[in-house]
Amino acid sequence: MSVISAVFALLTLIGLRWGLPDRRFDRFLFGGEDAWSGERIAGLIDVSRKFDSARGADVDVDPAAVPPDAGPVDRTASPADVAAIYLRYRLFTCQPDEMITMMALARMRPAQGRLDPQLYQYGGLFIYPVGALVRLGGLLGLVEVRADVPYYVDRPEEFGKFYLAARLYAAGFGMLGAWVVFALGRRLGGPGAGVVAALLYTLLPVVVCMAHEGKPHLPGAVLMLSAVLLGMRCLGYQARAAPVVAGPETSGAGLLCHGMTPSQRRSWWLMCACCGAAFGMVLSSWPIFVLIPLVAGMKVLDARAHARGSADLRPLPDGRGSDRPRGFAHGGPSGDPGVPAGRSAGREWSAATVLTVAGVGLGVVVYLATNPYLVINAFANRAVLASNFGNSLAMYQLGRLGEGLWRVLELSAEGATGPVLMLGVVGLAHGIARGKRLWLPLAVPALVFFLQFVAIGAGKPAEYGRFGVFPDTALAISTACFLMALRNGRVAASPCPLPLEGRGVVQPPDAQRGSRLTVRLVVIFTLVIGWTAVGAGRYLYGFAVDAAGRGSRARQAEWIARQPGVPIAVLADPAPYGCPPLAFADRPVLKFRSVPEVLQYARAHEVIFVGPVDSPAGCAEEFTQREAPPIHQECQVTMSDVACWIDSPISWANKPFCAARLEPVPGTEALSPKRK
């Protein structure tokens, strides 16, 4: 595992500085002239507007929506508009979501007691530690921390160190995740499965991607995996071992954790705390709370099965028959055989319900402890809650489940690779069928998370694949266990000797444990590990070339710079992630609502359309989808000659861009730009 940890660290360091703000592209942004100073940019923009106490940190101050049928909006109509664009290129990264953490930190003034981030979909367990790392870096002299926007505009590399702190925080959790995955794989399939699972996790494209971004999705997934591991420890589950059932206790703690050993009791409460911590890291982790009632219910079922399978095995000291084992389901709740079975079952499930409520309560307490301003603002500032959550909910829509399922399967094949997706599903099915309840603490939360993924996945771009970190990792673990089961010849045998009714504990056979790998197994192992490594390599290539300044944005900027003066057509306000660096002060930038409107405008006006796409083939699709008429009927098109052969769709590093020069067809009419 030390070697795998070192590999994870090495892969993370490759291209970790990708997309950070710097001055390398000033030749594109200012056309060879002197760069705009921080004082000039700050003087043209009212920066204080961004710190409205009633507005969420992620809500745009001036979104400049394009009215229907009103023509495009000129986003460079005034020096203030241009200054706003330059500010984004000085302080934002090429990842569109990283900057909202910095916006949240900028609102806080710890010395004045102002700690409300005004951002709640990213939890306090992510925002506050990142802020602490930035402050620690300042104390150590590694970064300059000051409330001075012009200072950072003139020194964008200094501001980029803040993003680096967030990325290192996420990567640190990712390294911890390798050990958690190893422990899960070992518990489910033995030591060999643990090593293979950790290696697959390290190479998963989605893990490699999220370890290079300052976002909470990877830390949230690691906390969810930790909760799963603790749930298994609470149940006493591992491959080739029976679940542990302890005797009853009469203390206050014992009434809530009836039938648990002290170690299991600690695991239970730590599991509940990890569920709350995952939720406190990022809101999309809420499905992990299903683990709490699941483990409580399984504890009852296992104890009852154990009682039926091991009763009357030991003589009582006075020789009056047998000593019934004592636990969660042996006679009455205290092991009294005189209590009717029906009443005992009712008490057991009542105790499990109380345990579930207490566990969920602990999780909620942990969540609120890391996000206290949710409660405070529920009474003091509801407007900021409505602003932040309203902006987040506007990005997602429930429905179109069939389309969402297909899209999520596509993104899972990208984030986990095709072999891991296919073998992972087979491995989960095999584990559940053969291992019975052994796999449920991993499979059920992963399934609930997958369903959440599907419910809002229709029509989402490839970057949405970041939400698949947890289910994709579950697939990697099940793939590793299935491969080791094939190797050991145990696919047809039960890997989990759970108690069977009336028969006690059944141990699986050890046949073929020492046999050699067959050629077929060698091919399968090589295919799975190799394919996953190639997937990781594609993403690492994107990070590396982007960090070196040779990515798609720089190459597209060079192509556009060779065509000076031609207006730029975009679908979103120019920012480092959505538009290559251009001399925005020297040419109009027109914002449209859709590609068809761009084509209609281009029937009478020459423009260069620019926009990010998920794949190198996406540029042509921009003009053939979205109900756009065939391009040859609209205008003459000259596509950019910049190619991006090695793509990494989930990531924004080295992102393919659609760049095409659209020239009018004589004798046609089009929309005119609307000056802002």
# chains A, B, ... in the order shown; residues from 1 in each chain; ligands from 1
$ residues_around --residues "stretch 455-457 of chain A" --least-positions-apart "2" --cutoff "9 Å" --atoms "only C-alpha atoms" --output "NGL selection string"
:A and (396-401 or 403-408 or 450-453 or 459-461 or 464)
$ residues_around --residues "stretch 75-82 of chain A" --least-positions-apart "5" --cutoff "8 Å" --atoms "only C-alpha atoms" --output "list of chain:residue names"
A:Ile41, A:Leu44, A:Ile45, A:Asp573, A:Phe584, A:Ala585, A:Arg587, A:Pro588, A:Val589, A:Leu590, A:Lys591, A:Arg675, A:Lys676
$ closest_residue --among "A:Leu571, A:Leu16, A:Leu483, A:Leu225" --to "A:Val208" --atoms "only C-alpha atoms"
A:Leu16
$ closest_residue --among "A:Ala536, A:Val282, A:Leu270, A:Val469" --to "A:Asn371" --atoms "only C-alpha atoms"
A:Val282
$ atom_distance --atom1 "atom CA of A:Val300" --atom2 "atom CA of A:Pro441"
14.5 Å
$ residues_around --residues "A:Leu218" --least-positions-apart "4" --cutoff "8 Å" --atoms "only C-alpha atoms" --output "PyMOL selection string"
chain A and resi 170-171+173-174+207+210-211+222+469
$ write_last_selection --atoms "N, CA and C atoms" --output "PDB file, in the first residue's frame"
ATOM      1  N   ALA A 170      -8.178  18.402  -1.379  1.00  0.00           N
ATOM      2  CA  ALA A 170      -8.933  17.329  -2.034  1.00  0.00           C
ATOM      3  C   ALA A 170      -8.040  16.127  -2.313  1.00  0.00           C
ATOM      4  N   ALA A 171      -6.815  16.375  -2.773  1.00  0.00           N
ATOM      5  CA  ALA A 171      -5.900  15.272  -3.077  1.00  0.00           C
ATOM      6  C   ALA A 171      -5.506  14.517  -1.812  1.00  0.00           C
ATOM      7  N   PHE A 173      -7.377  13.959   0.810  1.00  0.00           N
ATOM      8  CA  PHE A 173      -8.475  13.028   1.062  1.00  0.00           C
ATOM      9  C   PHE A 173      -8.430  11.873   0.070  1.00  0.00           C
ATOM     10  N   GLY A 174      -8.072  12.175  -1.163  1.00  0.00           N
ATOM     11  CA  GLY A 174      -7.990  11.120  -2.160  1.00  0.00           C
ATOM     12  C   GLY A 174      -6.973  10.067  -1.793  1.00  0.00           C
ATOM     13  N   VAL A 207     -11.257   9.644 -10.404  1.00  0.00           N
ATOM     14  CA  VAL A 207     -10.471   9.942  -9.212  1.00  0.00           C
ATOM     15  C   VAL A 207      -9.268  10.810  -9.578  1.00  0.00           C
ATOM     16  N   MET A 210     -10.660  14.334 -10.156  1.00  0.00           N
ATOM     17  CA  MET A 210     -11.090  15.081  -8.982  1.00  0.00           C
ATOM     18  C   MET A 210      -9.946  15.349  -8.008  1.00  0.00           C
ATOM     19  N   ALA A 211      -8.855  14.573  -8.087  1.00  0.00           N
ATOM     20  CA  ALA A 211      -7.685  14.860  -7.262  1.00  0.00           C
ATOM     21  C   ALA A 211      -6.926  16.077  -7.772  1.00  0.00           C
ATOM     22  N   VAL A 222     -14.764   9.875  -0.165  1.00  0.00           N
ATOM     23  CA  VAL A 222     -13.897   9.151   0.778  1.00  0.00           C
ATOM     24  C   VAL A 222     -14.580   9.017   2.133  1.00  0.00           C
ATOM     25  N   VAL A 469     -17.990   9.661  -8.425  1.00  0.00           N
ATOM     26  CA  VAL A 469     -16.797   9.171  -7.725  1.00  0.00           C
ATOM     27  C   VAL A 469     -17.148   8.011  -6.802  1.00  0.00           C
TER      28      VAL A 469
END
